[in-house]
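Student: File follows, work.pdb with PDB, C-alpha atoms and all ligand atoms:
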```pdb
ATOM      1  CA  MET R   1     -12.394  11.586 -13.121  1.00  0.00           C
ATOM      2  CA  THR R   2     -13.047   7.897 -13.355  1.00  0.00           C
ATOM      3  CA  THR R   3     -16.629   6.884 -12.812  1.00  0.00           C
ATOM      4  CA  THR R   4     -17.228   3.604 -11.113  1.00  0.00           C
ATOM      5  CA  GLU R   5     -19.404   1.257 -13.056  1.00  0.00           C
ATOM      6  CA  PRO R   6     -22.080  -0.293 -10.885  1.00  0.00           C
ATOM      7  CA  GLN R   7     -23.136  -3.861 -11.484  1.00  0.00           C
ATOM      8  CA  PRO R   8     -25.224  -4.231 -14.619  1.00  0.00           C
ATOM      9  CA  GLY R   9     -28.646  -2.731 -14.114  1.00  0.00           C
ATOM     10  CA  ARG R  10     -27.836  -1.129 -10.753  1.00  0.00           C
ATOM     11  CA  THR R  11     -26.752   2.418 -10.120  1.00  0.00           C
ATOM     12  CA  VAL R  12     -24.330   3.381  -7.365  1.00  0.00           C
ATOM     13  CA  ALA R  13     -27.260   4.971  -5.501  1.00  0.00           C
ATOM     14  CA  GLU R  14     -29.227   1.714  -5.704  1.00  0.00           C
ATOM     15  CA  VAL R  15     -26.279  -0.336  -4.423  1.00  0.00           C
ATOM     16  CA  VAL R  16     -25.812   2.107  -1.546  1.00  0.00           C
ATOM     17  CA  THR R  17     -29.528   2.172  -0.719  1.00  0.00           C
ATOM     18  CA  ASP R  18     -29.795  -1.636  -0.746  1.00  0.00           C
ATOM     19  CA  THR R  19     -26.664  -1.986   1.406  1.00  0.00           C
ATOM     20  CA  VAL R  20     -27.936   0.543   3.939  1.00  0.00           C
ATOM     21  CA  ALA R  21     -31.296  -1.251   4.077  1.00  0.00           C
ATOM     22  CA  ALA R  22     -29.540  -4.557   4.773  1.00  0.00           C
ATOM     23  CA  LEU R  23     -27.118  -3.313   7.435  1.00  0.00           C
ATOM     24  CA  ASP R  24     -28.575  -0.170   8.968  1.00  0.00           C
ATOM     25  CA  GLY R  25     -29.823  -1.982  12.076  1.00  0.00           C
ATOM     26  CA  GLN R  26     -26.270  -2.783  13.165  1.00  0.00           C
ATOM     27  CA  ARG R  27     -24.552  -0.731  15.820  1.00  0.00           C
ATOM     28  CA  GLY R  28     -21.994   1.566  14.187  1.00  0.00           C
ATOM     29  CA  ALA R  29     -23.451   0.668  10.810  1.00  0.00           C
ATOM     30  CA  LEU R  30     -21.363   3.043   8.685  1.00  0.00           C
ATOM     31  CA  LEU R  31     -18.186   0.928   8.685  1.00  0.00           C
ATOM     32  CA  PRO R  32     -19.828  -2.386   7.744  1.00  0.00           C
ATOM     33  CA  ILE R  33     -21.880  -0.550   5.127  1.00  0.00           C
ATOM     34  CA  LEU R  34     -18.731   0.988   3.614  1.00  0.00           C
ATOM     35  CA  HIS R  35     -17.021  -2.406   3.570  1.00  0.00           C
ATOM     36  CA  ALA R  36     -20.045  -3.987   1.889  1.00  0.00           C
ATOM     37  CA  ILE R  37     -20.203  -1.248  -0.742  1.00  0.00           C
ATOM     38  CA  GLN R  38     -16.503  -1.656  -1.483  1.00  0.00           C
ATOM     39  CA  GLU R  39     -16.971  -5.417  -1.705  1.00  0.00           C
ATOM     40  CA  THR R  40     -19.769  -4.944  -4.226  1.00  0.00           C
ATOM     41  CA  LEU R  41     -18.341  -2.103  -6.316  1.00  0.00           C
ATOM     42  CA  GLY R  42     -14.592  -2.511  -5.774  1.00  0.00           C
ATOM     43  CA  CYS R  43     -14.502   0.927  -4.148  1.00  0.00           C
ATOM     44  CA  VAL R  44     -16.630   3.512  -2.376  1.00  0.00           C
ATOM     45  CA  PRO R  45     -17.329   5.953  -5.197  1.00  0.00           C
ATOM     46  CA  ARG R  46     -17.541   9.661  -4.442  1.00  0.00           C
ATOM     47  CA  GLU R  47     -21.157   9.700  -5.533  1.00  0.00           C
ATOM     48  CA  ALA R  48     -21.977   7.257  -2.716  1.00  0.00           C
ATOM     49  CA  VAL R  49     -21.159   9.863  -0.063  1.00  0.00           C
ATOM     50  CA  PRO R  50     -24.272  12.071  -0.362  1.00  0.00           C
ATOM     51  CA  VAL R  51     -26.533   9.024  -0.579  1.00  0.00           C
ATOM     52  CA  LEU R  52     -24.978   7.513   2.539  1.00  0.00           C
ATOM     53  CA  ALA R  53     -25.196  10.813   4.385  1.00  0.00           C
ATOM     54  CA  GLU R  54     -28.874  11.155   3.596  1.00  0.00           C
ATOM     55  CA  ARG R  55     -29.790   7.539   4.371  1.00  0.00           C
ATOM     56  CA  LEU R  56     -27.852   7.423   7.627  1.00  0.00           C
ATOM     57  CA  ASN R  57     -28.771  10.934   8.724  1.00  0.00           C
ATOM     58  CA  LEU R  58     -25.141  12.016   8.839  1.00  0.00           C
ATOM     59  CA  SER R  59     -23.373  14.974   7.307  1.00  0.00           C
ATOM     60  CA  ARG R  60     -21.380  14.460   4.121  1.00  0.00           C
ATOM     61  CA  ALA R  61     -18.311  15.581   6.077  1.00  0.00           C
ATOM     62  CA  ASP R  62     -18.896  12.800   8.619  1.00  0.00           C
ATOM     63  CA  VAL R  63     -19.076  10.149   5.916  1.00  0.00           C
ATOM     64  CA  HIS R  64     -16.118  11.564   4.023  1.00  0.00           C
ATOM     65  CA  GLY R  65     -14.124  11.749   7.277  1.00  0.00           C
ATOM     66  CA  VAL R  66     -14.604   8.057   7.986  1.00  0.00           C
ATOM     67  CA  ILE R  67     -13.740   7.058   4.405  1.00  0.00           C
ATOM     68  CA  SER R  68     -10.566   9.096   4.404  1.00  0.00           C
ATOM     69  CA  PHE R  69      -9.516   7.957   7.897  1.00  0.00           C
ATOM     70  CA  TYR R  70      -9.428   4.281   6.948  1.00  0.00           C
ATOM     71  CA  HIS R  71      -6.788   3.533   4.332  1.00  0.00           C
ATOM     72  CA  ASP R  72      -8.665   0.470   3.118  1.00  0.00           C
ATOM     73  CA  PHE R  73     -11.403   2.470   1.425  1.00  0.00           C
ATOM     74  CA  ARG R  74     -10.794   3.518  -2.143  1.00  0.00           C
ATOM     75  CA  SER R  75     -12.748   6.039  -4.200  1.00  0.00           C
ATOM     76  CA  GLU R  76     -11.769   4.313  -7.443  1.00  0.00           C
ATOM     77  CA  PRO R  77     -11.337   0.613  -8.191  1.00  0.00           C
ATOM     78  CA  ALA R  78      -7.885  -0.849  -7.587  1.00  0.00           C
ATOM     79  CA  GLY R  79      -5.696  -2.102 -10.410  1.00  0.00           C
ATOM     80  CA  ARG R  80      -5.464  -5.775 -11.369  1.00  0.00           C
ATOM     81  CA  THR R  81      -2.459  -6.177  -9.067  1.00  0.00           C
ATOM     82  CA  THR R  82      -2.207  -4.328  -5.771  1.00  0.00           C
ATOM     83  CA  VAL R  83       1.153  -3.855  -4.080  1.00  0.00           C
ATOM     84  CA  LYS R  84       0.991  -2.754  -0.453  1.00  0.00           C
ATOM     85  CA  ILE R  85       4.153  -1.491   1.215  1.00  0.00           C
ATOM     86  CA  CYS R  86       4.161  -1.651   4.999  1.00  0.00           C
ATOM     87  CA  ARG R  87       5.003   1.694   6.525  1.00  0.00           C
ATOM     88  CA  ALA R  88       4.512   0.850  10.182  1.00  0.00           C
ATOM     89  CA  GLU R  89       7.372   1.348  12.615  1.00  0.00           C
ATOM     90  CA  ALA R  90       9.223  -1.971  12.373  1.00  0.00           C
ATOM     91  CA  CYS R  91       9.270  -1.916   8.575  1.00  0.00           C
ATOM     92  CA  GLN R  92      10.161   1.772   8.486  1.00  0.00           C
ATOM     93  CA  ALA R  93      13.147   1.010  10.722  1.00  0.00           C
ATOM     94  CA  VAL R  94      14.537  -1.420   8.166  1.00  0.00           C
ATOM     95  CA  GLY R  95      13.974   0.655   5.061  1.00  0.00           C
ATOM     96  CA  SER R  96      10.408   0.546   3.773  1.00  0.00           C
ATOM     97  CA  SER R  97      10.642   4.212   2.769  1.00  0.00           C
ATOM     98  CA  ARG R  98      13.361   3.245   0.303  1.00  0.00           C
ATOM     99  CA  LEU R  99      10.801   0.963  -1.338  1.00  0.00           C
ATOM    100  CA  VAL R 100       8.388   3.885  -1.655  1.00  0.00           C
ATOM    101  CA  ASP R 101      11.168   5.924  -3.292  1.00  0.00           C
ATOM    102  CA  HIS R 102      11.974   3.003  -5.580  1.00  0.00           C
ATOM    103  CA  VAL R 103       8.375   2.707  -6.757  1.00  0.00           C
ATOM    104  CA  ARG R 104       8.338   6.444  -7.447  1.00  0.00           C
ATOM    105  CA  ASP R 105      11.663   6.378  -9.311  1.00  0.00           C
ATOM    106  CA  ARG R 106      11.213   3.188 -11.322  1.00  0.00           C
ATOM    107  CA  TYR R 107       7.467   3.129 -11.950  1.00  0.00           C
ATOM    108  CA  GLY R 108       6.602   6.818 -11.597  1.00  0.00           C
ATOM    109  CA  MET R 109       3.897   6.022  -9.060  1.00  0.00           C
ATOM    110  CA  GLU R 110       3.003   7.538  -5.712  1.00  0.00           C
ATOM    111  CA  LEU R 111       1.309   5.626  -2.915  1.00  0.00           C
ATOM    112  CA  GLY R 112      -2.417   5.356  -3.491  1.00  0.00           C
ATOM    113  CA  GLU R 113      -2.076   5.590  -7.269  1.00  0.00           C
ATOM    114  CA  THR R 114      -3.323   3.226  -9.939  1.00  0.00           C
ATOM    115  CA  ARG R 115      -1.545   3.038 -13.283  1.00  0.00           C
ATOM    116  CA  SER R 116      -3.558   4.492 -16.148  1.00  0.00           C
ATOM    117  CA  ASP R 117      -3.794   1.063 -17.810  1.00  0.00           C
ATOM    118  CA  GLY R 118      -5.353  -0.357 -14.624  1.00  0.00           C
ATOM    119  CA  ALA R 119      -2.575  -2.934 -14.244  1.00  0.00           C
ATOM    120  CA  LEU R 120      -1.141  -1.842 -10.900  1.00  0.00           C
ATOM    121  CA  THR R 121      -2.092  -0.040  -7.713  1.00  0.00           C
ATOM    122  CA  VAL R 122       0.499   0.843  -5.084  1.00  0.00           C
ATOM    123  CA  ASP R 123      -0.707   1.467  -1.554  1.00  0.00           C
ATOM    124  CA  GLN R 124       0.669   1.803   1.914  1.00  0.00           C
ATOM    125  CA  VAL R 125      -0.416  -0.356   4.800  1.00  0.00           C
ATOM    126  CA  PHE R 126       0.330  -0.175   8.499  1.00  0.00           C
ATOM    127  CA  CYS R 127       1.543  -3.568   9.721  1.00  0.00           C
ATOM    128  CA  LEU R 128       0.912  -6.842   7.989  1.00  0.00           C
ATOM    129  CA  GLY R 129       1.880  -8.935  11.008  1.00  0.00           C
ATOM    130  CA  ASN R 130       5.245  -9.833   9.522  1.00  0.00           C
ATOM    131  CA  CYS R 131       7.285  -7.314  11.495  1.00  0.00           C
ATOM    132  CA  ALA R 132      10.308  -9.533  12.203  1.00  0.00           C
ATOM    133  CA  LEU R 133      10.879 -10.015   8.495  1.00  0.00           C
ATOM    134  CA  GLY R 134      10.483  -6.464   7.273  1.00  0.00           C
ATOM    135  CA  PRO R 135      10.406  -4.592   5.109  1.00  0.00           C
ATOM    136  CA  THR R 136       7.184  -6.394   4.247  1.00  0.00           C
ATOM    137  CA  VAL R 137       5.269  -6.029   1.016  1.00  0.00           C
ATOM    138  CA  GLN R 138       1.985  -7.656   0.040  1.00  0.00           C
ATOM    139  CA  VAL R 139       1.464  -8.397  -3.636  1.00  0.00           C
ATOM    140  CA  GLY R 140      -2.110  -9.478  -4.245  1.00  0.00           C
ATOM    141  CA  GLU R 141      -2.862 -11.807  -1.345  1.00  0.00           C
ATOM    142  CA  ARG R 142       0.753 -12.898  -0.791  1.00  0.00           C
ATOM    143  CA  LEU R 143       3.180 -11.508   1.794  1.00  0.00           C
ATOM    144  CA  HIS R 144       6.878 -11.066   1.077  1.00  0.00           C
ATOM    145  CA  GLY R 145       9.511 -10.335   3.717  1.00  0.00           C
ATOM    146  CA  ARG R 146      12.940  -8.702   3.668  1.00  0.00           C
ATOM    147  CA  VAL R 147      12.051  -6.922   0.466  1.00  0.00           C
ATOM    148  CA  ASP R 148      14.668  -4.659  -1.042  1.00  0.00           C
ATOM    149  CA  ALA R 149      14.455  -2.620  -4.230  1.00  0.00           C
ATOM    150  CA  ALA R 150      15.673  -5.469  -6.458  1.00  0.00           C
ATOM    151  CA  LYS R 151      13.184  -7.931  -4.986  1.00  0.00           C
ATOM    152  CA  LEU R 152      10.376  -5.408  -5.277  1.00  0.00           C
ATOM    153  CA  THR R 153      11.195  -4.890  -8.955  1.00  0.00           C
ATOM    154  CA  THR R 154      11.066  -8.647  -9.513  1.00  0.00           C
ATOM    155  CA  LEU R 155       7.743  -8.935  -7.669  1.00  0.00           C
ATOM    156  CA  ILE R 156       6.110  -6.066  -9.530  1.00  0.00           C
ATOM    157  CA  ASP R 157       7.468  -7.005 -12.950  1.00  0.00           C
ATOM    158  CA  SER R 158       6.356 -10.608 -12.611  1.00  0.00           C
ATOM    159  CA  ALA R 159       2.905  -9.500 -11.431  1.00  0.00           C
ATOM    160  CA  LEU R 160       2.644  -7.160 -14.420  1.00  0.00           C
ATOM    161  CA  ALA R 161       3.759  -9.925 -16.805  1.00  0.00           C
ATOM    162  CA  SER R 162       1.209 -12.474 -15.574  1.00  0.00           C
TER     163      SER R 162
HETATM  164  S1  LIG R 201       5.522  -3.270  10.860  1.00  0.00           S
HETATM  165 FE1  LIG R 201       5.540  -4.056   8.845  1.00  0.00          FE
HETATM  166  S2  LIG R 201       4.662  -6.000   9.073  1.00  0.00           S
HETATM  167 FE2  LIG R 201       4.508  -5.147  11.061  1.00  0.00          FE
END
```
Write out the structure in this file as structure tokens.
Tutor:
Amino acid sequence: MTTTEPQPGRTVAEVVTDTVAALDGQRGALLPILHAIQETLGCVPREAVPVLAERLNLSRADVHGVISFYHDFRSEPAGRTTVKICRAEACQAVGSSRLVDHVRDRYGMELGETRSDGALTVDQVFCLGNCALGPTVQVGERLHGRVDAAKLTTLIDSALAS
């Protein structure tokens, strides 16, 4: 299991405790707290769950349930390049599942995985607002439309080469 490195001099528990102290007054504080922790640490590490549960007076199952419901939260840091394949209805209708198969066949990666060298993470996403030009893929911060297997290979290979 990969352990998330907290910022120098701060443990995961300290980051979580400080974040809860800063945001706990908000209504529905768990979501903004989770986002803030991910912003700080690059993920919401598993060891954050019991600390959050205790500080927010929730069960561990409650906290874990929210983290696993929202696809944006990661338990381990993402790779240097993140490729998100849209799997919402409009993109599915024009072949986004073929892109998932292509990533599995060519790169040996399943959705949600990060390569062992930390170079690449492949994730799914549900609508990137580019439905008319699907299948849509986001590489880093950039959206790409009408992506087929060949274009996806080009996008991933050039991201890996940079
Ligand atoms: S369904 Fe894929 S961008 Fe909207």
Student: Please expand the PyMOL selection byres (((chain R and resi 42) around 9) and not hetatm) into the concrete residues it hits in this file, giving the result as an MDAnalysis selection string.
Tutor: chainID R and resid 4 37:41 43:45 74:78
Student: Where does chain R meet ligand LIG 201 (chain R) within 9 Å, residue by residue, with the nearest atom pair and distance in Å to one decimal for each, counting only C-alpha atoms and all ligand atoms, listed by chain and rising number, as a tab-separated table?
Tutor:
```
residue	atom	partner	partner_atom	distance
R:Ile85	CA	R:LIG201	FE1	8.2
R:Cys86	CA	R:LIG201	FE1	4.7
R:Arg87	CA	R:LIG201	FE1	6.2
R:Ala88	CA	R:LIG201	S1	4.3
R:Glu89	CA	R:LIG201	S1	5.3
R:Ala90	CA	R:LIG201	S1	4.2
R:Cys91	CA	R:LIG201	FE1	4.3
R:Gln92	CA	R:LIG201	S1	7.3
R:Ala93	CA	R:LIG201	S1	8.7
R:Ser96	CA	R:LIG201	FE1	8.4
R:Val125	CA	R:LIG201	FE1	8.1
R:Phe126	CA	R:LIG201	S1	6.5
R:Cys127	CA	R:LIG201	FE2	3.6
R:Leu128	CA	R:LIG201	S2	4.0
R:Gly129	CA	R:LIG201	S2	4.5
R:Asn130	CA	R:LIG201	S2	3.9
R:Cys131	CA	R:LIG201	FE2	3.5
R:Ala132	CA	R:LIG201	S2	7.4
R:Leu133	CA	R:LIG201	S2	7.4
R:Gly134	CA	R:LIG201	FE1	5.7
R:Pro135	CA	R:LIG201	FE1	6.2
R:Thr136	CA	R:LIG201	FE1	5.4
R:Val137	CA	R:LIG201	FE1	8.1
R:Gly145	CA	R:LIG201	S2	8.4
```
Student: Applying the PyMOL selection byres (((chain R and resi 53) around 12) and not hetatm) to the file I just gave you, which residues come out? Please list them as a PyMOL selection string.
Tutor: chain R and resi 13+16-17+20+30+33-34+46-52+54-66
Student: Please compute the atom CA of Arg98 of chain R-atom CA of Leu143 of chain R distance, one decimal, in Å.
Tutor: 18.0 Å
Student: Specify as a CSV table (one decimal) with C-alpha atoms, keeping the file's coordinate frame each residue included when the PyMOL selection byres (((chain R and resi 141) around 10) and not hetatm) is applied to this file.
Tutor:
```
chain,number,residue,atom,x,y,z
R,81,THR,CA,-2.5,-6.2,-9.1
R,82,THR,CA,-2.2,-4.3,-5.8
R,83,VAL,CA,1.2,-3.9,-4.1
R,84,LYS,CA,1.0,-2.8,-0.5
R,138,GLN,CA,2.0,-7.7,0.0
R,139,VAL,CA,1.5,-8.4,-3.6
R,140,GLY,CA,-2.1,-9.5,-4.2
R,142,ARG,CA,0.8,-12.9,-0.8
R,143,LEU,CA,3.2,-11.5,1.8
```
Student: What does the structure give for the distance between atom CA of Glu110 of chain R and atom CA of Asp157 of chain R, in Å to one decimal?
Tutor: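 We find that atom CA of Glu110 of chain R and atom CA of Asp157 of chain R lie 16.8 Å from each other.
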Student: Considering all atoms listed in the file, can you say which of R:Leu99, R:Ala22, R:Met109, R:Val15 comes closest to Arg146 of chain R?
Tutor: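 Once distances to Arg146 of chain R are computed over all atoms listed in the file, the minimum belongs to R:Leu99.
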Student: In Å, with one decimal, what is the gap from atom CA of Asp117 of chain R to atom CA of Leu152 of chain R?
Tutor: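 Value for the atom CA of Asp117 of chain R-atom CA of Leu152 of chain R distance: 20.0 Å.
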Student: Taking only C-alpha atoms into account, name the residue in R:Thr11, R:Lys151, R:Asp24, R:Gln124 that is nearest to Leu111 of chain R.
Tutor: R:Gln124
Student: Just need the box for segment 107-111 of chain R, edges along x, y and z, holding every atom the file lists for it with 3 Å tacked onto each side, so centre and edge lengths in Å to one decimal, as AutoDock Vina command-line options.
Tutor:
```
--center_x 4.4 --center_y 5.3 --center_z -7.4 --size_x 12.2 --size_y 10.4 --size_z 15.0
```
Student: So, with all atoms listed in the file as the atoms that count, which of R:Ala21, R:Val147, R:Ala119, R:Ile67 lies closest to Tyr107 of chain R?
Tutor: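 Closest to Tyr107 of chain R, using all atoms listed in the file: R:Ala119.
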Student: Nearest to Asp123 of chain R among R:Asp72, R:Ser158, R:Arg10, R:Asp101, with distances taken over all atoms listed in the file: which residue is it?
Tutor: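 Closest to Asp123 of chain R, using all atoms listed in the file: R:Asp72.
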Student: Which residue gives the smallest distance to His102 of chain R among R:Leu160, R:Thr121, R:Ala149, R:Arg80, with all atoms listed in the file counted?
Tutor: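 For His102 of chain R, the nearest of the candidates is R:Ala149.
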